[in-house]
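Engineer: Sending over start_35.pdb (PDB, C-alpha atoms).
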```
ATOM      1  CA  MET A   1     -40.750  -0.689 -53.722
ATOM      2  CA  ASP A   2     -40.326   1.757 -50.836
ATOM      3  CA  PHE A   3     -43.663   2.847 -49.368
ATOM      4  CA  ARG A   4     -42.816   6.539 -49.228
ATOM      5  CA  SER A   5     -41.646   6.556 -52.860
ATOM      6  CA  ARG A   6     -45.128   5.447 -53.881
ATOM      7  CA  LEU A   7     -46.388   8.869 -52.877
ATOM      8  CA  GLU A   8     -45.244   9.959 -56.341
ATOM      9  CA  MET A   9     -46.618   6.938 -58.209
ATOM     10  CA  LYS A  10     -46.650   7.296 -61.964
ATOM     11  CA  PRO A  11     -50.065   7.121 -63.605
ATOM     12  CA  LEU A  12     -51.086   3.531 -64.257
ATOM     13  CA  PRO A  13     -52.484   2.554 -67.670
ATOM     14  CA  PHE A  14     -56.282   2.574 -67.391
ATOM     15  CA  TRP A  15     -57.019  -0.771 -69.039
ATOM     16  CA  LEU A  16     -54.196  -2.528 -67.185
ATOM     17  CA  THR A  17     -55.690  -1.537 -63.825
ATOM     18  CA  ILE A  18     -59.239  -2.466 -64.865
ATOM     19  CA  ARG A  19     -58.029  -5.835 -66.151
ATOM     20  CA  ALA A  20     -56.237  -6.481 -62.826
ATOM     21  CA  ASP A  21     -59.366  -5.506 -60.863
ATOM     22  CA  VAL A  22     -61.500  -7.836 -62.997
ATOM     23  CA  ALA A  23     -58.964 -10.674 -62.618
ATOM     24  CA  ARG A  24     -59.392 -10.452 -58.837
ATOM     25  CA  LEU A  25     -63.097 -11.227 -59.315
ATOM     26  CA  ARG A  26     -62.202 -14.605 -60.855
ATOM     27  CA  GLU A  27     -59.658 -15.809 -58.291
ATOM     28  CA  GLU A  28     -62.000 -17.953 -56.214
ATOM     29  CA  ASP A  29     -64.195 -19.208 -59.034
ATOM     30  CA  PRO A  30     -63.217 -18.717 -62.707
ATOM     31  CA  SER A  31     -66.770 -19.361 -63.991
ATOM     32  CA  MET A  32     -68.542 -16.819 -66.193
ATOM     33  CA  ARG A  33     -71.408 -16.617 -63.694
ATOM     34  CA  ASN A  34     -69.031 -15.549 -60.935
ATOM     35  CA  LEU A  35     -67.429 -12.962 -63.229
ATOM     36  CA  VAL A  36     -70.790 -11.442 -64.161
ATOM     37  CA  ARG A  37     -71.820 -11.355 -60.492
ATOM     38  CA  GLY A  38     -68.567  -9.578 -59.661
ATOM     39  CA  LEU A  39     -68.939  -7.049 -62.473
ATOM     40  CA  LEU A  40     -72.441  -6.205 -61.232
ATOM     41  CA  SER A  41     -71.360  -5.844 -57.599
ATOM     42  CA  GLN A  42     -71.449  -2.490 -55.855
ATOM     43  CA  GLY A  43     -67.772  -2.832 -54.929
ATOM     44  CA  PHE A  44     -66.764  -3.063 -58.580
ATOM     45  CA  TRP A  45     -68.986  -0.075 -59.495
ATOM     46  CA  ALA A  46     -67.188   2.021 -56.886
ATOM     47  CA  ILE A  47     -63.759   0.871 -58.100
ATOM     48  CA  LEU A  48     -64.673   1.560 -61.741
ATOM     49  CA  ALA A  49     -65.887   5.091 -60.939
ATOM     50  CA  TYR A  50     -62.681   5.679 -58.953
ATOM     51  CA  ARG A  51     -60.498   4.398 -61.833
ATOM     52  CA  ILE A  52     -62.226   6.655 -64.383
ATOM     53  CA  PHE A  53     -61.926   9.792 -62.279
ATOM     54  CA  ARG A  54     -58.391   8.913 -61.132
ATOM     55  CA  TRP A  55     -57.336   8.611 -64.775
ATOM     56  CA  CYS A  56     -58.717  12.100 -65.421
ATOM     57  CA  TYR A  57     -57.172  13.473 -62.204
ATOM     58  CA  GLU A  58     -53.702  12.159 -63.120
ATOM     59  CA  ARG A  59     -53.901  13.864 -66.499
ATOM     60  CA  ASN A  60     -55.297  17.165 -65.149
ATOM     61  CA  ILE A  61     -58.548  16.714 -67.048
ATOM     62  CA  PRO A  62     -61.199  18.799 -65.242
ATOM     63  CA  THR A  63     -64.193  16.708 -64.199
ATOM     64  CA  GLN A  64     -65.881  18.927 -61.618
ATOM     65  CA  PRO A  65     -68.802  19.226 -60.892
ATOM     66  CA  LEU A  66     -69.602  15.907 -62.635
ATOM     67  CA  ARG A  67     -67.081  14.017 -60.467
ATOM     68  CA  PHE A  68     -68.581  15.390 -57.264
ATOM     69  CA  PHE A  69     -72.074  14.376 -58.396
ATOM     70  CA  ILE A  70     -71.043  10.854 -59.494
ATOM     71  CA  GLU A  71     -68.973  10.266 -56.320
ATOM     72  CA  ARG A  72     -72.008  11.235 -54.181
ATOM     73  CA  ILE A  73     -74.245   8.864 -56.153
ATOM     74  CA  ILE A  74     -71.709   6.061 -55.672
ATOM     75  CA  GLU A  75     -71.518   6.832 -51.938
ATOM     76  CA  CYS A  76     -75.311   6.797 -51.583
ATOM     77  CA  THR A  77     -75.902   3.649 -53.647
ATOM     78  CA  THR A  78     -72.931   1.577 -52.489
ATOM     79  CA  GLY A  79     -71.831   3.086 -49.172
ATOM     80  CA  ILE A  80     -68.277   3.331 -50.527
ATOM     81  CA  SER A  81     -66.272   6.562 -50.640
ATOM     82  CA  ILE A  82     -63.101   6.486 -52.743
ATOM     83  CA  PRO A  83     -61.919   9.977 -53.725
ATOM     84  CA  ALA A  84     -59.982  10.336 -56.978
ATOM     85  CA  GLN A  85     -57.007  11.789 -55.063
ATOM     86  CA  ALA A  86     -56.361   8.489 -53.225
ATOM     87  CA  GLN A  87     -53.548   6.422 -54.773
ATOM     88  CA  ILE A  88     -54.605   2.813 -55.263
ATOM     89  CA  GLY A  89     -52.588   0.136 -57.034
ATOM     90  CA  LYS A  90     -54.051  -2.314 -59.503
ATOM     91  CA  GLY A  91     -56.050  -5.340 -58.443
ATOM     92  CA  LEU A  92     -58.180  -3.804 -55.673
ATOM     93  CA  ARG A  93     -61.023  -6.052 -54.497
ATOM     94  CA  ILE A  94     -63.967  -4.887 -52.415
ATOM     95  CA  HIS A  95     -65.654  -8.066 -51.221
ATOM     96  CA  HIS A  96     -68.773  -6.622 -49.600
ATOM     97  CA  PHE A  97     -70.059  -3.120 -50.005
ATOM     98  CA  GLY A  98     -71.129  -0.635 -47.384
ATOM     99  CA  GLY A  99     -69.474   1.678 -44.908
ATOM    100  CA  ILE A 100     -66.089   1.848 -46.665
ATOM    101  CA  PHE A 101     -64.337   5.209 -46.385
ATOM    102  CA  ILE A 102     -60.907   5.957 -47.809
ATOM    103  CA  HIS A 103     -59.179   9.257 -47.053
ATOM    104  CA  SER A 104     -58.155  11.248 -50.114
ATOM    105  CA  GLU A 105     -54.438  11.089 -49.194
ATOM    106  CA  THR A 106     -54.322   7.350 -48.499
ATOM    107  CA  VAL A 107     -51.941   5.169 -50.528
ATOM    108  CA  ILE A 108     -52.961   1.529 -51.146
ATOM    109  CA  GLY A 109     -50.683  -1.021 -52.827
ATOM    110  CA  GLU A 110     -51.536  -3.692 -55.374
ATOM    111  CA  ARG A 111     -53.865  -6.676 -54.906
ATOM    112  CA  CYS A 112     -55.422  -5.459 -51.658
ATOM    113  CA  THR A 113     -58.783  -6.698 -50.380
ATOM    114  CA  ILE A 114     -61.282  -4.622 -48.426
ATOM    115  CA  TYR A 115     -64.369  -5.926 -46.633
ATOM    116  CA  GLN A 116     -67.366  -3.889 -45.463
ATOM    117  CA  GLY A 117     -67.139  -1.210 -42.801
ATOM    118  CA  VAL A 118     -63.439  -0.381 -43.320
ATOM    119  CA  THR A 119     -62.091   3.112 -42.663
ATOM    120  CA  LEU A 120     -58.664   4.286 -43.845
ATOM    121  CA  GLY A 121     -58.134   7.781 -42.542
ATOM    122  CA  ASP A 122     -56.571  10.370 -40.300
ATOM    123  CA  LEU A 123     -57.019  10.992 -36.593
ATOM    124  CA  GLY A 124     -59.834  13.502 -36.796
ATOM    125  CA  GLY A 125     -58.310  16.082 -39.117
ATOM    126  CA  TRP A 126     -54.693  15.652 -38.071
ATOM    127  CA  GLY A 127     -52.049  12.953 -37.765
ATOM    128  CA  GLY A 128     -51.584  11.936 -41.392
ATOM    129  CA  VAL A 129     -53.034   8.921 -43.186
ATOM    130  CA  PRO A 130     -52.014   5.281 -43.647
ATOM    131  CA  ILE A 131     -49.908   3.841 -46.433
ATOM    132  CA  LEU A 132     -50.694   0.208 -47.241
ATOM    133  CA  GLY A 133     -48.344  -2.233 -48.939
ATOM    134  CA  ASN A 134     -49.240  -4.937 -51.442
ATOM    135  CA  ASN A 135     -51.557  -7.883 -50.748
ATOM    136  CA  VAL A 136     -53.087  -6.375 -47.607
ATOM    137  CA  LEU A 137     -56.399  -7.805 -46.384
ATOM    138  CA  LEU A 138     -58.626  -5.502 -44.329
ATOM    139  CA  GLY A 139     -61.302  -7.430 -42.409
ATOM    140  CA  ALA A 140     -64.850  -6.225 -41.858
ATOM    141  CA  GLY A 141     -65.074  -3.148 -39.677
ATOM    142  CA  ALA A 142     -61.314  -2.546 -39.499
ATOM    143  CA  LYS A 143     -60.112   0.987 -38.830
ATOM    144  CA  VAL A 144     -56.581   1.952 -39.917
ATOM    145  CA  LEU A 145     -55.873   5.482 -38.743
ATOM    146  CA  GLY A 146     -53.022   7.965 -38.684
ATOM    147  CA  ASN A 147     -49.616   8.333 -40.269
ATOM    148  CA  ILE A 148     -48.686   4.648 -40.248
ATOM    149  CA  THR A 149     -47.312   2.103 -42.702
ATOM    150  CA  ILE A 150     -48.861  -1.314 -43.222
ATOM    151  CA  GLY A 151     -46.378  -3.754 -44.770
ATOM    152  CA  ASN A 152     -46.890  -6.299 -47.546
ATOM    153  CA  TYR A 153     -48.963  -9.445 -46.936
ATOM    154  CA  VAL A 154     -50.513  -8.042 -43.751
ATOM    155  CA  ARG A 155     -53.924  -9.168 -42.515
ATOM    156  CA  ILE A 156     -55.962  -6.745 -40.437
ATOM    157  CA  GLY A 157     -58.612  -8.621 -38.467
ATOM    158  CA  ALA A 158     -62.297  -7.775 -38.301
ATOM    159  CA  ASN A 159     -63.062  -4.737 -36.125
ATOM    160  CA  ALA A 160     -59.365  -4.115 -35.395
ATOM    161  CA  VAL A 161     -58.321  -0.539 -34.687
ATOM    162  CA  VAL A 162     -54.788  -0.083 -36.015
ATOM    163  CA  LEU A 163     -52.964   3.018 -34.742
ATOM    164  CA  GLN A 164     -49.347   1.923 -35.246
ATOM    165  CA  SER A 165     -47.338   0.578 -38.179
ATOM    166  CA  VAL A 166     -47.503  -3.156 -38.918
ATOM    167  CA  PRO A 167     -44.460  -4.987 -40.386
ATOM    168  CA  SER A 168     -44.788  -7.146 -43.502
ATOM    169  CA  GLY A 169     -46.249 -10.600 -42.964
ATOM    170  CA  TYR A 170     -47.936  -9.816 -39.643
ATOM    171  CA  VAL A 171     -51.538 -10.042 -38.492
ATOM    172  CA  ALA A 172     -53.121  -7.177 -36.544
ATOM    173  CA  VAL A 173     -56.144  -7.960 -34.351
ATOM    174  CA  GLY A 174     -58.000  -6.331 -31.486
ATOM    175  CA  VAL A 175     -58.771  -2.886 -30.095
ATOM    176  CA  PRO A 176     -56.224  -1.386 -30.058
ATOM    177  CA  ALA A 177     -54.604  -3.779 -32.507
ATOM    178  CA  VAL A 178     -51.961  -6.211 -31.343
ATOM    179  CA  MET A 179     -49.528  -7.492 -33.951
ATOM    180  CA  LYS A 180     -48.750 -11.184 -34.276
ATOM    181  CA  ASP A 181     -46.297 -12.883 -36.601
ATOM    182  CA  GLU A 182     -47.029 -16.078 -38.529
ATOM    183  CA  ALA A 183     -46.249 -18.215 -35.478
ATOM    184  CA  GLY A 184     -48.744 -16.252 -33.360
ATOM    185  CA  VAL A 185     -46.060 -14.505 -31.299
ATOM    186  CA  VAL A 186     -47.210 -11.078 -30.150
ATOM    187  CA  GLN A 187     -44.898  -8.227 -31.042
TER
END
```
I'd like the structure from this file rewritten - as structure tokens, please.

Structural biologist:
Amino acid sequence: MDFRSRLEMKPLPFWLTIRADVARLREEDPSMRNLVRGLLSQGFWAILAYRIFRWCYERNIPTQPLRFFIERIIECTTGISIPAQAQIGKGLRIHHFGGIFIHSETVIGERCTIYQGVTLGDLGGWGGVPILGNNVLLGAGAKVLGNITIGNYVRIGANAVVLQSVPSGYVAVGVPAVMKDEAGVVQ
């Protein structure tokens, strides 16, 4: 699917997205204990609150001021800010909570993984926001900023600052980020 066409994504069925998010919790260890631990994690709470309010937002169901209040509680208790306006595909996984901020206009594909301290945003009020493909991994402390496109199966290294688009299958590491292909060749 073309990245720009996802800007008009059709509403996803609520239970399908929740089921995909829960399935991501069982990938590493399918045990019931691991599932319960994942369901009780702060990352899943933040995703669940986002999914509920996104469902309402897509159907023009008014939720203010309740949404504002709940989003602030989620931010304070988990350190994760995911506005209902952000477009996020099914199967999102937040591995560790804290310091995660997603701009309201950001588009995130399916089966993406976010670690703590990640920021997806603009360049200080201007410059647009990133669009992420499917199966993107964002390492701890990564910053992806501006009107850029991150391809499918991209890995953004810990503490990387990404200010330019990254092609599918590449790894972006460093400050500012340098892109490397699978063979380690710098682009």

Engineer: When you count all atoms listed in the file, which of these residues is closest to A:Asn134: A:Gln42, A:Asn159, A:Ser104, A:Ser168?

Structural biologist: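 The shortest atom-to-atom distance to A:Asn134 comes from A:Ser168.
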
Engineer: Mind pulling up the distance from atom CA of A:Leu120 to atom CA of A:Ile150?

Structural biologist: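 Pair atom CA of A:Ile150 / atom CA of A:Leu120 returns 11.3 Å.
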
Engineer: Identify, on the basis of only C-alpha atoms, every residue whose closest approach to stretch 92-101 of chain A does not exceed 10 Å; exclude the query and any residue fewer than 3 positions from it along the same chain; express the result as a PyMOL selection string.

Structural biologist: chain A and resi 17-18+20-25+38+41-47+75-83+88-89+104+108-121+134-143

Engineer: Report the distance between atom CA of A:Thr106 and atom CA of A:Ile73 in Å, rounded to one decimal place.

Structural biologist: 21.4 Å

Engineer: So which residues get picked by the PyMOL selection byres ((chain A and resi 59-61) around 12) here, written as a list in words?

Structural biologist: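 So the PyMOL selection byres ((chain A and resi 59-61) around 12) ends up selecting Lys10, Pro11, Leu12, Pro13, Phe14, Ile52, Phe53, Arg54, Trp55, Cys56, Tyr57, Glu58, Pro62, Thr63, Gln64, Leu66, Arg67, Ala84 and Gln85 of chain A.
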
Engineer: Padding of 4 Å on every side, edges along x, y and z, all listed atoms of stretch 101-113 of chain A included: what centre and edge lengths in Å, to one decimal, does that box have, as AutoDock Vina command-line options?

Structural biologist:
```
--center_x -57.5 --center_y 2.3 --center_z -50.9 --size_x 21.7 --size_y 25.9 --size_z 17.0
```

Engineer: Go ahead and compute the interatomic distance for atom CA of A:Glu71 and atom CA of A:Val129, in Å to one decimal.

Structural biologist: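 Rounded to one decimal, the two atoms are 20.7 Å apart.
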
Engineer: Might you spell out which residues the PyMOL selection byres ((chain A and resi 128) around 7) would select in the displayed file, as a list in words?

Structural biologist: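 Going through the file, the PyMOL selection byres ((chain A and resi 128) around 7) ends up selecting Asp122, Trp126, Gly127, Val129, Gly146 and Asn147 of chain A.
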
Engineer: Applying the PyMOL selection byres ((chain A and resi 161) around 8) to the file I just gave you, which residues come out? Please list them as a VMD selection string.

Structural biologist: chain A and resid 142 to 145 159 to 160 162 to 163 173 to 177

Engineer: Could N, CA and C atoms be built for stretch 31-56 of chain A and written out as an mmCIF file, in the frame of the given file?

Structural biologist:
```cif
data_model
loop_
_atom_site.group_PDB
_atom_site.id
_atom_site.type_symbol
_atom_site.label_atom_id
_atom_site.label_comp_id
_atom_site.auth_asym_id
_atom_site.auth_seq_id
_atom_site.Cartn_x
_atom_site.Cartn_y
_atom_site.Cartn_z
ATOM 1 N N SER A 31 -65.593 -19.208 -63.130
ATOM 2 C CA SER A 31 -66.770 -19.361 -63.991
ATOM 3 C C SER A 31 -67.277 -18.008 -64.485
ATOM 4 N N MET A 32 -67.973 -18.030 -65.611
ATOM 5 C CA MET A 32 -68.542 -16.819 -66.193
ATOM 6 C C MET A 32 -69.613 -16.239 -65.267
ATOM 7 N N ARG A 33 -70.366 -17.086 -64.618
ATOM 8 C CA ARG A 33 -71.408 -16.617 -63.694
ATOM 9 C C ARG A 33 -70.792 -15.785 -62.564
ATOM 10 N N ASN A 34 -69.705 -16.270 -62.010
ATOM 11 C CA ASN A 34 -69.031 -15.549 -60.935
ATOM 12 C C ASN A 34 -68.487 -14.213 -61.438
ATOM 13 N N LEU A 35 -67.947 -14.195 -62.655
ATOM 14 C CA LEU A 35 -67.429 -12.962 -63.229
ATOM 15 C C LEU A 35 -68.542 -11.935 -63.405
ATOM 16 N N VAL A 36 -69.665 -12.359 -63.963
ATOM 17 C CA VAL A 36 -70.790 -11.442 -64.161
ATOM 18 C C VAL A 36 -71.290 -10.912 -62.824
ATOM 19 N N ARG A 37 -71.394 -11.776 -61.832
ATOM 20 C CA ARG A 37 -71.820 -11.355 -60.492
ATOM 21 C C ARG A 37 -70.850 -10.317 -59.925
ATOM 22 N N GLY A 38 -69.562 -10.535 -60.136
ATOM 23 C CA GLY A 38 -68.567 -9.578 -59.661
ATOM 24 C C GLY A 38 -68.646 -8.246 -60.378
ATOM 25 N N LEU A 39 -68.845 -8.280 -61.698
ATOM 26 C CA LEU A 39 -68.939 -7.049 -62.473
ATOM 27 C C LEU A 39 -70.175 -6.234 -62.110
ATOM 28 N N LEU A 40 -71.212 -6.895 -61.627
ATOM 29 C CA LEU A 40 -72.441 -6.205 -61.232
ATOM 30 C C LEU A 40 -72.459 -5.823 -59.752
ATOM 31 N N SER A 41 -71.398 -6.141 -59.035
ATOM 32 C CA SER A 41 -71.360 -5.844 -57.599
ATOM 33 C C SER A 41 -71.108 -4.364 -57.344
ATOM 34 N N GLN A 42 -71.622 -3.889 -56.220
ATOM 35 C CA GLN A 42 -71.449 -2.490 -55.855
ATOM 36 C C GLN A 42 -69.981 -2.137 -55.647
ATOM 37 N N GLY A 43 -69.195 -3.073 -55.125
ATOM 38 C CA GLY A 43 -67.772 -2.832 -54.929
ATOM 39 C C GLY A 43 -67.067 -2.541 -56.245
ATOM 40 N N PHE A 44 -67.392 -3.296 -57.283
ATOM 41 C CA PHE A 44 -66.764 -3.063 -58.580
ATOM 42 C C PHE A 44 -67.225 -1.744 -59.182
ATOM 43 N N TRP A 45 -68.507 -1.367 -58.998
ATOM 44 C CA TRP A 45 -68.986 -0.075 -59.495
ATOM 45 C C TRP A 45 -68.157 1.051 -58.897
ATOM 46 N N ALA A 46 -67.949 0.974 -57.572
ATOM 47 C CA ALA A 46 -67.188 2.021 -56.886
ATOM 48 C C ALA A 46 -65.744 2.074 -57.386
ATOM 49 N N ILE A 47 -65.136 0.918 -57.596
ATOM 50 C CA ILE A 47 -63.759 0.871 -58.100
ATOM 51 C C ILE A 47 -63.698 1.440 -59.518
ATOM 52 N N LEU A 48 -64.653 1.075 -60.359
ATOM 53 C CA LEU A 48 -64.673 1.560 -61.741
ATOM 54 C C LEU A 48 -64.818 3.084 -61.785
ATOM 55 N N ALA A 49 -65.724 3.631 -60.989
ATOM 56 C CA ALA A 49 -65.887 5.091 -60.939
ATOM 57 C C ALA A 49 -64.595 5.738 -60.461
ATOM 58 N N TYR A 50 -63.959 5.157 -59.431
ATOM 59 C CA TYR A 50 -62.681 5.679 -58.953
ATOM 60 C C TYR A 50 -61.646 5.657 -60.072
ATOM 61 N N ARG A 51 -61.519 4.535 -60.781
ATOM 62 C CA ARG A 51 -60.498 4.398 -61.833
ATOM 63 C C ARG A 51 -60.701 5.440 -62.939
ATOM 64 N N ILE A 52 -61.944 5.677 -63.328
ATOM 65 C CA ILE A 52 -62.226 6.655 -64.383
ATOM 66 C C ILE A 52 -61.804 8.053 -63.931
ATOM 67 N N PHE A 53 -62.241 8.446 -62.737
ATOM 68 C CA PHE A 53 -61.926 9.792 -62.279
ATOM 69 C C PHE A 53 -60.466 9.934 -61.875
ATOM 70 N N ARG A 54 -59.822 8.860 -61.428
ATOM 71 C CA ARG A 54 -58.391 8.913 -61.132
ATOM 72 C C ARG A 54 -57.598 9.134 -62.414
ATOM 73 N N TRP A 55 -58.003 8.447 -63.481
ATOM 74 C CA TRP A 55 -57.336 8.611 -64.775
ATOM 75 C C TRP A 55 -57.397 10.072 -65.201
ATOM 76 N N CYS A 56 -58.559 10.687 -65.066
ATOM 77 C CA CYS A 56 -58.717 12.100 -65.421
ATOM 78 C C CYS A 56 -57.891 12.987 -64.487
#
```
